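**Q** Dropping in entry.txt, with compact mmCIF, C-alpha atoms and all ligand atoms.
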```txt
# COMPACT_ATOMS: atom_id res chain seq x y z
CA MET A 203 0.00 0.00 0.00
CA THR A 204 1.26 3.49 -0.84
CA THR A 205 1.88 5.98 1.97
CA ARG A 206 -0.88 8.54 2.38
CA HIS A 207 -0.17 12.04 3.71
CA ALA A 208 -2.88 14.24 5.23
CA HIS A 209 -2.95 17.72 3.69
CA ILE A 210 -5.00 20.73 4.76
CA VAL A 211 -6.94 21.62 1.62
CA GLY A 212 -9.63 23.90 3.09
CA TRP A 213 -9.90 26.32 6.02
CA GLY A 214 -12.72 28.41 7.44
CA LYS A 215 -13.77 30.39 10.48
CA ALA A 216 -16.91 31.86 12.02
CA VAL A 217 -17.13 34.41 14.80
CA PRO A 218 -20.26 36.07 16.19
CA GLU A 219 -20.92 39.66 15.18
CA ARG A 220 -21.41 40.94 18.71
CA VAL A 221 -18.25 42.54 20.12
CA LEU A 222 -17.65 42.90 23.86
CA THR A 223 -14.86 45.38 24.59
CA ASN A 224 -12.74 45.73 27.72
CA ASP A 225 -14.55 48.98 28.44
CA ASP A 226 -17.89 47.13 28.27
CA LEU A 227 -16.53 44.63 30.82
CA SER A 228 -15.39 47.40 33.12
CA GLN A 229 -19.07 48.37 33.40
CA MET A 230 -19.91 44.82 34.50
CA VAL A 231 -17.10 43.91 36.94
CA ASP A 232 -14.29 45.68 38.79
CA THR A 233 -11.70 45.70 35.99
CA SER A 234 -10.18 48.07 33.43
CA ASP A 235 -9.02 48.09 29.82
CA GLU A 236 -5.51 48.79 31.12
CA TRP A 237 -5.46 45.71 33.43
CA ILE A 238 -6.83 43.37 30.78
CA ARG A 239 -4.47 44.60 28.04
CA THR A 240 -1.31 44.53 30.11
CA ARG A 241 -2.03 41.20 31.84
CA THR A 242 -3.45 39.35 28.82
CA GLY A 243 -3.11 41.31 25.55
CA ILE A 244 -6.88 41.04 24.96
CA GLY A 245 -8.74 44.11 23.66
CA GLU A 246 -12.14 42.63 22.77
CA ARG A 247 -13.90 39.32 22.22
CA ARG A 248 -16.92 38.03 20.27
CA ILE A 249 -20.04 36.82 22.10
CA ALA A 250 -22.63 34.51 20.55
CA GLY A 251 -26.07 35.99 19.89
CA ASP A 252 -29.22 34.27 21.17
CA ASP A 253 -29.58 32.24 17.97
CA GLU A 254 -25.89 31.26 17.80
CA THR A 255 -24.55 28.05 19.30
CA THR A 256 -21.52 25.81 19.00
CA LEU A 257 -23.35 24.00 16.18
CA THR A 258 -24.25 27.08 14.13
CA LEU A 259 -20.70 28.45 14.39
CA SER A 260 -19.30 25.02 13.46
CA LEU A 261 -21.53 24.81 10.39
CA ARG A 262 -20.50 28.27 9.17
CA ALA A 263 -16.79 27.52 9.56
CA ALA A 264 -17.19 24.07 7.98
CA ARG A 265 -19.06 25.39 4.92
CA GLN A 266 -16.34 27.96 4.29
CA ALA A 267 -13.61 25.31 4.64
CA LEU A 268 -15.42 22.94 2.25
CA GLU A 269 -15.96 25.70 -0.29
CA ARG A 270 -12.28 26.61 -0.23
CA ALA A 271 -11.40 22.94 -0.62
CA GLY A 272 -13.74 22.74 -3.63
CA LEU A 273 -15.46 19.71 -2.08
CA ASN A 274 -19.06 18.92 -1.34
CA PRO A 275 -20.11 17.50 2.07
CA ALA A 276 -20.70 14.02 0.63
CA HIS A 277 -16.93 13.78 0.02
CA LEU A 278 -16.30 13.78 3.79
CA ASP A 279 -15.78 10.43 5.45
CA LEU A 280 -14.90 11.76 8.91
CA ILE A 281 -15.99 14.70 11.06
CA ILE A 282 -14.37 15.55 14.40
CA VAL A 283 -15.56 18.44 16.55
CA ALA A 284 -13.23 19.49 19.34
CA THR A 285 -15.14 21.42 21.99
CA VAL A 286 -15.71 21.87 25.72
CA THR A 287 -19.06 23.58 25.06
CA PRO A 288 -20.92 21.01 22.95
CA GLU A 289 -24.46 21.62 21.73
CA HIS A 290 -25.67 18.98 24.23
CA ASN A 291 -23.94 16.45 26.48
CA PHE A 292 -25.02 14.04 23.78
CA PRO A 293 -25.54 13.43 20.89
CA ALA A 294 -22.14 14.59 19.71
CA THR A 295 -22.09 18.02 18.08
CA ALA A 296 -20.17 16.35 15.24
CA CYS A 297 -23.27 14.25 14.41
CA LEU A 298 -25.38 17.41 14.25
CA VAL A 299 -22.75 18.97 11.98
CA GLN A 300 -22.89 15.85 9.81
CA ASP A 301 -26.65 16.22 9.48
CA GLY A 302 -26.53 20.00 8.99
CA LEU A 303 -24.03 19.65 6.16
CA GLY A 304 -25.67 16.59 4.66
CA ALA A 305 -22.35 14.73 4.96
CA THR A 306 -24.02 11.35 4.77
CA ASN A 307 -20.83 9.36 4.18
CA ALA A 308 -19.04 10.64 7.26
CA ALA A 309 -18.44 9.06 10.66
CA ALA A 310 -18.67 11.73 13.34
CA PHE A 311 -17.57 12.20 16.93
CA ASP A 312 -16.65 14.89 19.46
CA LEU A 313 -13.38 15.20 21.23
CA SER A 314 -12.72 16.90 24.56
CA ALA A 315 -9.15 17.98 25.21
CA GLY A 316 -9.64 21.52 26.48
CA CYS A 317 -7.96 24.24 24.48
CA THR A 318 -5.69 21.59 22.90
CA GLY A 319 -8.78 19.97 21.34
CA PHE A 320 -8.15 21.12 17.78
CA VAL A 321 -4.55 19.84 17.79
CA TYR A 322 -5.81 16.52 19.19
CA GLY A 323 -8.44 16.36 16.43
CA LEU A 324 -5.92 17.21 13.73
CA SER A 325 -3.59 14.50 15.00
CA VAL A 326 -6.30 11.82 15.11
CA ALA A 327 -7.64 12.73 11.65
CA ALA A 328 -4.17 12.87 10.08
CA ASP A 329 -3.28 9.44 11.50
CA LEU A 330 -6.58 7.91 10.33
CA ILE A 331 -5.95 9.28 6.84
CA ALA A 332 -2.34 8.05 6.87
CA GLY A 333 -3.68 4.63 7.91
CA GLY A 334 -5.65 4.48 4.67
CA ASN A 335 -9.17 3.88 6.05
CA TYR A 336 -10.27 7.51 5.69
CA ASP A 337 -9.56 10.00 2.97
CA THR A 338 -11.32 13.31 3.60
CA ALA A 339 -11.82 14.66 7.12
CA LEU A 340 -13.35 17.79 8.57
CA VAL A 341 -11.78 18.91 11.85
CA ILE A 342 -13.54 21.70 13.73
CA GLY A 343 -12.64 23.55 16.91
CA ALA A 344 -15.73 25.39 18.17
CA GLU A 345 -16.83 27.04 21.40
CA THR A 346 -19.51 29.17 22.98
CA LEU A 347 -17.60 29.80 26.21
CA SER A 348 -19.85 32.77 26.98
CA ARG A 349 -22.50 30.19 27.98
CA ILE A 350 -20.30 28.73 30.77
CA THR A 351 -18.69 31.99 31.88
CA ASP A 352 -19.48 33.50 35.28
CA TRP A 353 -20.02 37.13 34.30
CA ASN A 354 -19.50 38.18 37.92
CA ASP A 355 -16.02 36.63 38.15
CA ARG A 356 -13.50 39.18 36.90
CA ALA A 357 -10.67 36.64 37.04
CA THR A 358 -12.19 34.61 34.20
CA CYS A 359 -14.88 36.62 32.39
CA VAL A 360 -12.36 38.98 30.80
CA LEU A 361 -10.49 36.13 29.13
CA PHE A 362 -12.87 34.15 26.97
CA GLY A 363 -14.75 34.52 23.68
CA ASP A 364 -16.83 32.52 21.19
CA GLY A 365 -16.01 31.26 17.69
CA ALA A 366 -15.22 28.31 15.45
CA GLY A 367 -12.49 27.30 13.03
CA ALA A 368 -12.39 24.35 10.66
CA VAL A 369 -10.03 22.59 8.29
CA VAL A 370 -10.60 19.96 5.64
CA LEU A 371 -7.88 17.33 5.48
CA GLN A 372 -7.38 15.14 2.45
CA GLY A 373 -5.13 12.16 1.83
CA SER A 374 -2.63 12.25 -0.99
CA GLU A 375 0.51 10.43 -2.07
CA ALA A 376 2.20 13.83 -2.34
CA LYS A 377 4.62 14.42 0.53
CA GLY A 378 3.95 17.22 3.03
CA GLY A 379 0.82 18.21 4.93
CA VAL A 380 0.73 17.13 8.57
CA LEU A 381 4.33 15.98 9.05
CA ALA A 382 4.19 15.08 12.74
CA THR A 383 2.14 15.61 15.87
CA ILE A 384 2.75 15.17 19.57
CA LEU A 385 0.05 14.97 22.23
CA GLY A 386 0.34 14.94 25.99
CA ALA A 387 -1.77 14.97 29.15
CA ASP A 388 -1.34 15.33 32.89
CA GLY A 389 -4.65 14.55 34.56
CA SER A 390 -3.28 15.42 37.99
CA GLY A 391 -3.90 19.04 36.96
CA GLY A 392 -7.55 18.40 36.16
CA ASP A 393 -8.75 20.62 39.00
CA LEU A 394 -6.93 23.69 37.71
CA LEU A 395 -9.43 24.34 34.95
CA LYS A 396 -12.85 22.73 34.98
CA LEU A 397 -16.63 22.91 34.77
CA PRO A 398 -17.59 21.29 38.09
CA ALA A 399 -21.27 20.41 37.60
CA GLY A 400 -23.43 18.92 34.88
CA GLY A 401 -21.63 15.58 34.71
CA SER A 402 -22.09 12.33 36.65
CA ARG A 403 -20.18 13.65 39.68
CA GLU A 404 -22.52 16.62 40.20
CA PRO A 405 -25.66 16.30 38.11
CA ALA A 406 -27.61 19.53 37.60
CA SER A 407 -29.73 20.41 40.64
CA HIS A 408 -31.10 23.54 42.29
CA ARG A 409 -28.00 23.53 44.49
CA THR A 410 -25.49 23.31 41.63
CA VAL A 411 -27.23 26.14 39.81
CA ALA A 412 -27.53 28.31 42.94
CA GLU A 413 -23.85 27.81 43.72
CA GLY A 414 -22.75 28.68 40.18
CA ARG A 415 -21.17 25.28 39.62
CA HIS A 416 -22.12 25.27 35.94
CA TYR A 417 -19.57 27.99 35.31
CA LEU A 418 -15.98 27.47 34.28
CA GLN A 419 -13.49 27.66 37.16
CA MET A 420 -9.77 28.25 36.74
CA ARG A 421 -6.66 28.67 38.83
CA GLY A 422 -5.06 31.06 36.35
CA ARG A 423 -1.60 31.42 37.80
CA GLU A 424 -0.95 27.66 37.86
CA VAL A 425 -2.26 27.23 34.30
CA PHE A 426 -0.01 30.11 33.24
CA ARG A 427 3.09 28.40 34.68
CA PHE A 428 2.15 25.09 33.04
CA ALA A 429 1.67 26.78 29.63
CA VAL A 430 4.99 28.61 29.76
CA ARG A 431 6.74 25.29 30.44
CA LYS A 432 4.86 23.14 27.92
CA MET A 433 4.57 25.34 24.81
CA PRO A 434 8.31 25.57 24.03
CA ALA A 435 8.91 21.90 24.90
CA ALA A 436 6.06 20.72 22.65
CA THR A 437 7.26 22.94 19.78
CA ARG A 438 10.79 21.53 19.97
CA GLN A 439 9.51 17.95 20.22
CA VAL A 440 7.20 18.14 17.22
CA LEU A 441 9.88 19.72 15.05
CA GLU A 442 12.29 16.99 16.03
CA ARG A 443 9.71 14.32 15.22
CA ALA A 444 9.14 15.96 11.83
CA GLY A 445 12.91 15.97 11.14
CA GLU A 446 12.93 19.78 11.06
CA ASP A 447 14.53 22.47 13.21
CA LEU A 448 13.57 25.85 14.64
CA GLU A 449 15.51 27.74 11.97
CA SER A 450 13.29 26.22 9.24
CA LEU A 451 10.09 27.27 11.00
CA ASP A 452 8.13 29.88 9.00
CA LEU A 453 5.19 30.48 11.33
CA LEU A 454 4.25 29.48 14.87
CA ILE A 455 0.53 29.47 15.61
CA PRO A 456 0.16 29.18 19.39
CA HIS A 457 -3.07 28.79 21.36
CA GLN A 458 -4.35 32.32 21.91
CA ALA A 459 -4.74 32.51 25.69
CA ASN A 460 -2.43 35.25 26.92
CA GLN A 461 0.10 37.41 25.07
CA ARG A 462 2.53 37.08 27.99
CA ILE A 463 2.42 33.27 27.65
CA ILE A 464 3.04 33.55 23.89
CA GLN A 465 5.92 36.00 24.41
CA SER A 466 7.54 33.95 27.12
CA ALA A 467 7.34 30.74 25.06
CA THR A 468 8.70 32.33 21.89
CA ARG A 469 11.47 34.15 23.76
CA GLY A 470 12.62 30.83 25.15
CA LEU A 471 12.66 29.36 21.64
CA LYS A 472 14.33 32.49 20.21
CA ILE A 473 11.66 32.80 17.53
CA PRO A 474 11.39 36.38 16.19
CA PRO A 475 7.96 38.00 16.78
CA GLU A 476 7.25 38.24 13.03
CA LYS A 477 7.20 34.43 12.90
CA VAL A 478 4.51 34.19 15.58
CA PHE A 479 0.83 34.67 14.78
CA SER A 480 -1.46 36.40 17.25
CA ASN A 481 -5.06 37.59 16.96
CA LEU A 482 -5.75 37.39 20.69
CA GLU A 483 -6.31 41.15 20.83
CA ARG A 484 -9.54 40.79 18.80
CA TYR A 485 -10.96 37.47 19.95
CA GLY A 486 -9.65 36.64 23.44
CA ASN A 487 -9.29 32.97 24.33
CA THR A 488 -11.70 30.85 22.27
CA SER A 489 -10.34 27.54 23.61
CA SER A 490 -10.46 24.79 20.91
CA ALA A 491 -11.37 27.38 18.28
CA SER A 492 -8.36 29.61 18.84
CA ILE A 493 -5.79 27.71 16.75
CA PRO A 494 -8.02 26.99 13.70
CA ILE A 495 -9.30 30.59 13.67
CA ALA A 496 -5.70 31.84 13.86
CA LEU A 497 -4.56 29.40 11.14
CA CYS A 498 -7.41 30.49 8.91
CA GLU A 499 -6.59 34.18 9.37
CA ALA A 500 -2.88 33.57 8.85
CA VAL A 501 -3.65 31.97 5.47
CA GLU A 502 -6.13 34.74 4.55
CA GLN A 503 -3.49 37.36 5.35
CA GLY A 504 -0.88 35.63 3.17
CA ARG A 505 1.27 34.77 6.20
CA VAL A 506 1.32 31.11 5.09
CA GLN A 507 2.60 30.26 1.61
CA ARG A 508 3.05 27.00 -0.26
CA ASP A 509 5.89 24.89 1.22
CA ASP A 510 6.00 26.91 4.46
CA LEU A 511 6.63 25.04 7.68
CA VAL A 512 3.95 25.86 10.26
CA VAL A 513 3.70 24.65 13.86
CA CYS A 514 0.42 24.82 15.78
CA VAL A 515 0.90 24.41 19.54
CA GLY A 516 -1.66 24.39 22.32
CA PHE A 517 -2.30 23.66 25.99
CA GLY A 518 -5.42 23.54 28.09
CA ALA A 519 -7.82 21.84 30.46
CA GLY A 520 -7.05 18.25 31.32
CA LEU A 521 -4.32 19.32 31.59
CA THR A 522 -3.37 18.67 27.98
CA TRP A 523 -0.86 19.90 25.46
CA GLY A 524 -0.10 19.17 21.83
CA ALA A 525 1.63 20.38 18.70
CA ALA A 526 1.41 19.72 14.97
CA ALA A 527 4.08 20.43 12.35
CA ILE A 528 2.58 21.11 8.94
CA ARG A 529 4.20 21.59 5.54
CA TRP A 530 1.66 23.83 3.79
CA SER A 531 1.03 22.17 0.47
CA VAL A 532 -2.01 23.61 -1.28
CA PRO A 533 -2.74 23.42 -4.12
CA LEU A 534 -2.03 19.70 -4.12
CA PRO A 535 -0.74 18.04 -7.26
CA PRO A 536 -3.72 16.34 -8.95
CA GLU A 537 -4.13 12.68 -8.17
CA ARG A 538 -6.50 11.11 -10.62
CA PRO A 539 -7.91 7.66 -10.04
CA PRO A 540 -8.74 5.63 -13.17
CA ARG A 541 -11.74 7.04 -15.12
CA ARG A 542 -13.99 4.12 -14.20
CA VAL A 543 -13.31 4.62 -10.46
CA GLN A 544 -13.86 8.38 -10.83
CA PHE A 545 -17.24 7.76 -12.49
CA TRP A 546 -18.50 5.44 -9.74
CA GLN A 547 -17.14 7.72 -7.01
CA GLU A 548 -19.01 10.67 -8.49
CA MET A 549 -22.19 8.57 -8.76
CA ARG A 550 -21.85 7.58 -5.09
CA TYR A 551 -21.44 11.20 -3.98
CA ARG A 552 -24.40 12.37 -6.06
CA TYR A 553 -26.58 9.55 -4.78
CA ALA A 554 -25.62 10.35 -1.17
CA ALA A 555 -26.33 14.07 -1.66
CA LEU A 556 -29.73 13.32 -3.23
CA ARG A 557 -30.64 10.83 -0.47
CA SER A 558 -29.75 13.39 2.20
CA LEU A 559 -31.85 16.06 0.49
CA VAL A 560 -34.87 13.78 0.22
CA ARG A 561 -34.49 12.68 3.87
CA ARG A 562 -34.35 16.25 5.10
CA LEU A 563 -37.34 17.27 3.00
CA LEU A 564 -39.32 14.33 4.38
CA ARG A 565 -38.29 15.17 7.95
CA ARG A 566 -39.36 18.79 7.40
CA LEU A 567 -42.71 17.72 5.93
CA LEU A 568 -43.32 15.28 8.78
CA SER A 569 -42.50 17.89 11.44
CA LEU A 570 -44.86 20.38 9.74
CA GLY A 571 -47.56 17.69 9.78
CA VAL A 572 -47.00 17.01 13.49
CA ARG A 573 -47.21 20.73 14.35
CA GLU A 574 -50.48 21.12 12.47
O1 LIG X 601 -6.73 28.38 27.56
C1 LIG X 601 -6.09 27.88 28.70
C2 LIG X 601 -6.70 28.42 29.92
N1 LIG X 601 -6.35 29.65 30.42
C3 LIG X 601 -5.18 30.31 30.47
O2 LIG X 601 -4.31 30.13 29.71
C4 LIG X 601 -5.02 31.35 31.52
C5 LIG X 601 -3.61 31.34 32.10
N2 LIG X 601 -3.47 32.35 33.11
C6 LIG X 601 -3.43 33.68 32.84
O3 LIG X 601 -3.50 34.07 31.71
C7 LIG X 601 -3.23 34.63 33.97
O4 LIG X 601 -2.92 33.93 35.14
C8 LIG X 601 -4.48 35.54 34.23
C9 LIG X 601 -4.64 36.52 33.09
C10 LIG X 601 -5.72 34.68 34.36
C11 LIG X 601 -4.28 36.35 35.51
O5 LIG X 601 -3.10 37.12 35.42
P1 LIG X 601 -2.07 37.12 36.62
O6 LIG X 601 -1.01 38.05 36.27
O7 LIG X 601 -1.69 35.69 36.88
O8 LIG X 601 -2.94 37.75 37.78
P2 LIG X 601 -3.29 37.11 39.20
O9 LIG X 601 -4.28 36.03 39.08
O10 LIG X 601 -1.99 36.82 39.90
O11 LIG X 601 -3.98 38.36 39.90
C12 LIG X 601 -3.25 39.57 40.19
C13 LIG X 601 -4.21 40.58 40.78
C14 LIG X 601 -5.06 40.01 41.89
O12 LIG X 601 -5.22 41.02 42.86
P3 LIG X 601 -4.34 41.02 44.19
O13 LIG X 601 -4.66 39.73 44.88
O14 LIG X 601 -2.92 41.11 43.75
O15 LIG X 601 -4.83 42.23 44.91
C15 LIG X 601 -6.40 39.75 41.25
O16 LIG X 601 -7.46 39.82 42.15
O17 LIG X 601 -5.12 41.02 39.76
C16 LIG X 601 -6.45 40.89 40.26
N3 LIG X 601 -7.32 40.62 39.12
C17 LIG X 601 -7.89 41.59 38.40
N4 LIG X 601 -7.82 42.92 38.48
C18 LIG X 601 -8.51 43.64 37.57
C19 LIG X 601 -7.68 39.42 38.61
N5 LIG X 601 -8.50 39.59 37.54
C20 LIG X 601 -8.63 40.93 37.40
C21 LIG X 601 -9.32 41.73 36.48
N6 LIG X 601 -9.22 43.06 36.58
N7 LIG X 601 -10.06 41.21 35.49
```
Would you put the structure from the file into structure tokens?
**A**
Amino acid sequence: MTTRHAHIVGWGKAVPERVLTNDDLSQMVDTSDEWIRTRTGIGERRIAGDDETTLTLSLRAARQALERAGLNPAHLDLIIVATVTPEHNFPATACLVQDGLGATNAAAFDLSAGCTGFVYGLSVAADLIAGGNYDTALVIGAETLSRITDWNDRATCVLFGDGAGAVVLQGSEAKGGVLATILGADGSGGDLLKLPAGGSREPASHRTVAEGRHYLQMRGREVFRFAVRKMPAATRQVLERAGEDLESLDLLIPHQANQRIIQSATRGLKIPPEKVFSNLERYGNTSSASIPIALCEAVEQGRVQRDDLVVCVGFGAGLTWGAAAIRWSVPLPPERPPRRVQFWQEMRYRYAALRSLVRRLLRRLLSLGVRE
């Protein structure tokens, strides 16, 4: 069997329109624009509107990524949604994305790895593609953290924002794409960043709601120290695994949590600031969505060119960390299967798209009938 390499062939992002500035926050809690900017680098963040959810943001980002890849949803055979704010505890948000897109040929599941979720998802998808059982995967990082934020807690409410980013990965014999990934976890730090209630330990009750236990809790200073230690180590490790070195790195895309964490990590690695991407000022910390949104914007701004070496590196709840080294390789050289195979593949996609359309129409008609 020939070796398959997973390439990013599409990228997309979605952020809510509503902007919450530091000055707005200073009207809500005892804080100031000056404190937030100097301690975090954040200037504003996006907050989901009433009709926006992790699913709607995921779908917007996914559609953009598919369009840029020039693929239709029926081409997907795998969908992974990394999130800590899923649409529901179950079913998986990824299944709802699958239905919303009409990606009837795709397996779908969610993945929870805190702010490292997107890197975890990228790693899993790239390995499944390299293994040969999957060919075209959609990996989404999406969050509506505003729904689990305690808006009276100034230590956390100034940090987070909502959004989604997505990539489409496709297998090819062409070298490049996701060169290497490393993932890590240290569950002994699980208490440092968590959502205490709503799971089997503390099911929702009047007490849990009254005590605010459905809000995110964080011991910021400890997470800060962990991040400063892990980000440089993970970057070095993934480059080594990819057979590359720091000098060859064209762009580092770190998890957007705190500008001081990013600066400290890149200083340690001696990476010049122009090789480090940051959009934290505009979006705050969007957890699993931060890296794919940043990657998408870096490409849109021309900061990533063909053959560039990019490293995405993250850390987060769990505690978890992870990094991915990517050789940017779009457009991919064409890989044409024999004509007969192409014909039957196309027929299969069209049939799946038609079947999904008919199913959704029927479901719509039936639900109208029930309402009447
Ligand atoms: O995505 C992964 C998860 N999260 C993170 O990566 C967060 C990592 N941690 C951090 O980014 C930083 O620890 C924070 C930004 C959360 C906090 O910055 P810090 O420099 O570690 O501040 P601190 O927690 O040590 O607090 C310093 C002071 C405290 O006052 P006292 O005790 O010195 O009088 C806080 O009460 O700042 C106070 N403070 C605030 N003051 C104004 C905390 N939050 C605020 C605030 N506005 N919003």
**Q** Please return as a count of residues only the residues found within 8 Å of ligand LIG 601 (chain X), counting all atoms listed in the file.
**A** 39
**Q** Near segment 495-505 of chain A, within 8 Å and counting all atoms listed in the file, which residues show up once chain neighbours fewer than 2 positions away are dropped, as a PDB file with C-alpha atoms, in the frame of the given file?
**A**
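Ended up saving to part.pdb:
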```
ATOM      1  CA  TRP A 213      -9.900  26.320   6.020  1.00  0.00           C
ATOM      2  CA  GLY A 214     -12.720  28.410   7.440  1.00  0.00           C
ATOM      3  CA  LYS A 215     -13.770  30.390  10.480  1.00  0.00           C
ATOM      4  CA  ALA A 216     -16.910  31.860  12.020  1.00  0.00           C
ATOM      5  CA  GLY A 365     -16.010  31.260  17.690  1.00  0.00           C
ATOM      6  CA  ALA A 366     -15.220  28.310  15.450  1.00  0.00           C
ATOM      7  CA  GLY A 367     -12.490  27.300  13.030  1.00  0.00           C
ATOM      8  CA  ALA A 368     -12.390  24.350  10.660  1.00  0.00           C
ATOM      9  CA  LEU A 453       5.190  30.480  11.330  1.00  0.00           C
ATOM     10  CA  ILE A 455       0.530  29.470  15.610  1.00  0.00           C
ATOM     11  CA  PHE A 479       0.830  34.670  14.780  1.00  0.00           C
ATOM     12  CA  SER A 480      -1.460  36.400  17.250  1.00  0.00           C
ATOM     13  CA  ASN A 481      -5.060  37.590  16.960  1.00  0.00           C
ATOM     14  CA  ALA A 491     -11.370  27.380  18.280  1.00  0.00           C
ATOM     15  CA  SER A 492      -8.360  29.610  18.840  1.00  0.00           C
ATOM     16  CA  ILE A 493      -5.790  27.710  16.750  1.00  0.00           C
ATOM     17  CA  GLN A 507       2.600  30.260   1.610  1.00  0.00           C
TER      18      GLN A 507
END
```
**Q** For the interface of segment 293-373 of chain A with segment 269-281 of chain A (cut-off 10 Å, counting all atoms listed in the file), please tabulate each contacting residue of segment 293-373 of chain A alongside its nearest pair of atoms and their separation in Å to one decimal, rows sorted by chain and increasing number, as a Markdown table.
**A**
```
| residue | atom | partner | partner_atom | distance |
| --- | --- | --- | --- | --- |
| A:Thr295 | CA | A:Ile281 | CA | 9.9 |
| A:Ala296 | CA | A:Ile281 | CA | 6.1 |
| A:Cys297 | CA | A:Ile281 | CA | 8.0 |
| A:Val299 | CA | A:Ile281 | CA | 8.0 |
| A:Gln300 | CA | A:Ile281 | CA | 7.1 |
| A:Asp301 | CA | A:Pro275 | CA | 10.0 |
| A:Gly302 | CA | A:Pro275 | CA | 9.8 |
| A:Leu303 | CA | A:Pro275 | CA | 6.1 |
| A:Gly304 | CA | A:Pro275 | CA | 6.2 |
| A:Ala305 | CA | A:Pro275 | CA | 4.6 |
| A:Thr306 | CA | A:Ala276 | CA | 5.9 |
| A:Asn307 | CA | A:Asp279 | CA | 5.3 |
| A:Ala308 | CA | A:Asp279 | CA | 3.7 |
| A:Ala309 | CA | A:Leu280 | CA | 4.8 |
| A:Ala310 | CA | A:Ile281 | CA | 4.6 |
| A:Phe311 | CA | A:Ile281 | CA | 6.6 |
| A:Asp312 | CA | A:Ile281 | CA | 8.4 |
| A:Gly323 | CA | A:Ile281 | CA | 9.4 |
| A:Ala327 | CA | A:Leu280 | CA | 7.8 |
| A:Leu330 | CA | A:Leu280 | CA | 9.3 |
| A:Ile331 | CA | A:Leu280 | CA | 9.5 |
| A:Asn335 | CA | A:Asp279 | CA | 9.3 |
| A:Tyr336 | CA | A:Asp279 | CA | 6.2 |
| A:Asp337 | CA | A:Asp279 | CA | 6.7 |
| A:Thr338 | CA | A:Leu278 | CA | 5.0 |
| A:Ala339 | CA | A:Leu280 | CA | 4.6 |
| A:Leu340 | CA | A:Ile281 | CA | 4.8 |
| A:Val341 | CA | A:Ile281 | CA | 6.0 |
| A:Ile342 | CA | A:Ile281 | CA | 7.9 |
| A:Val369 | CA | A:Ala271 | CA | 9.0 |
| A:Val370 | CA | A:Ala271 | CA | 7.0 |
| A:Leu371 | CA | A:Ala271 | CA | 9.0 |
| A:Gln372 | CA | A:Leu278 | CA | 9.1 |
```
**Q** Compare A:Pro456, A:Pro475, A:Gly319, A:Gly486 by their minimum atom-to-atom distance to Leu385 of chain A, counting all atoms listed in the file, and give me the closest one.
**A**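 That would be A:Gly319, the residue with the smallest distance to Leu385 of chain A.
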**Q** Residues proximal to (-1.2, 6.2, 2.3) were defined as those with any atom within 12 Å of that point in the file's coordinates, counting all atoms listed in the file. Which are they, as a PDB file with C-alpha atoms, in the coordinates of the input?
**A**
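As written to disk, selection20.pdb reads:
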```pdb
ATOM      1  CA  MET A 203       0.000   0.000   0.000  1.00  0.00           C
ATOM      2  CA  THR A 204       1.260   3.490  -0.840  1.00  0.00           C
ATOM      3  CA  THR A 205       1.880   5.980   1.970  1.00  0.00           C
ATOM      4  CA  ARG A 206      -0.880   8.540   2.380  1.00  0.00           C
ATOM      5  CA  HIS A 207      -0.170  12.040   3.710  1.00  0.00           C
ATOM      6  CA  ALA A 208      -2.880  14.240   5.230  1.00  0.00           C
ATOM      7  CA  HIS A 209      -2.950  17.720   3.690  1.00  0.00           C
ATOM      8  CA  ALA A 328      -4.170  12.870  10.080  1.00  0.00           C
ATOM      9  CA  ASP A 329      -3.280   9.440  11.500  1.00  0.00           C
ATOM     10  CA  LEU A 330      -6.580   7.910  10.330  1.00  0.00           C
ATOM     11  CA  ILE A 331      -5.950   9.280   6.840  1.00  0.00           C
ATOM     12  CA  ALA A 332      -2.340   8.050   6.870  1.00  0.00           C
ATOM     13  CA  GLY A 333      -3.680   4.630   7.910  1.00  0.00           C
ATOM     14  CA  GLY A 334      -5.650   4.480   4.670  1.00  0.00           C
ATOM     15  CA  ASN A 335      -9.170   3.880   6.050  1.00  0.00           C
ATOM     16  CA  TYR A 336     -10.270   7.510   5.690  1.00  0.00           C
ATOM     17  CA  ASP A 337      -9.560  10.000   2.970  1.00  0.00           C
ATOM     18  CA  GLN A 372      -7.380  15.140   2.450  1.00  0.00           C
ATOM     19  CA  GLY A 373      -5.130  12.160   1.830  1.00  0.00           C
ATOM     20  CA  SER A 374      -2.630  12.250  -0.990  1.00  0.00           C
ATOM     21  CA  GLU A 375       0.510  10.430  -2.070  1.00  0.00           C
ATOM     22  CA  ALA A 376       2.200  13.830  -2.340  1.00  0.00           C
ATOM     23  CA  LYS A 377       4.620  14.420   0.530  1.00  0.00           C
TER      24      LYS A 377
END
```
**Q** Measuring between all atoms listed in the file, which one of A:Glu449, A:Asp226, A:Glu476, A:Glu345 shows the shortest distance to Glu246 of chain A?
**A**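 Nearest to Glu246 of chain A: A:Asp226.
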**Q** Let me know the centre plus edge lengths, in Å and rounded to one decimal, of a box with edges along x, y and z that contains all listed atoms of segment 209-221 of chain A and is padded by 8 Å on every side, as JSON.
**A**
```
{"center_x": -12.2, "center_y": 30.1, "center_z": 10.9, "size_x": 34.5, "size_y": 40.8, "size_z": 34.5}
```
**Q** Which of these residues is nearest to Glu254 of chain A, using all atoms listed in the file: A:Pro218, A:Pro405, A:Pro288, A:Gly212?
**A**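 For Glu254 of chain A, the nearest of the candidates is A:Pro218.
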**Q** Interatomic distance between atom CA of Val283 of chain A and atom CA of Tyr553 of chain A?
**A**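 Between these atoms lies a distance of 25.6 Å.
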**Q** Give me the residues near Val532 of chain A as a PyMOL selection string, where near means some atom within 8 Å (using only C-alpha atoms) and where sequence neighbours in that chain fewer than 5 positions away do not count.
**A** chain A and resi 209-211+508
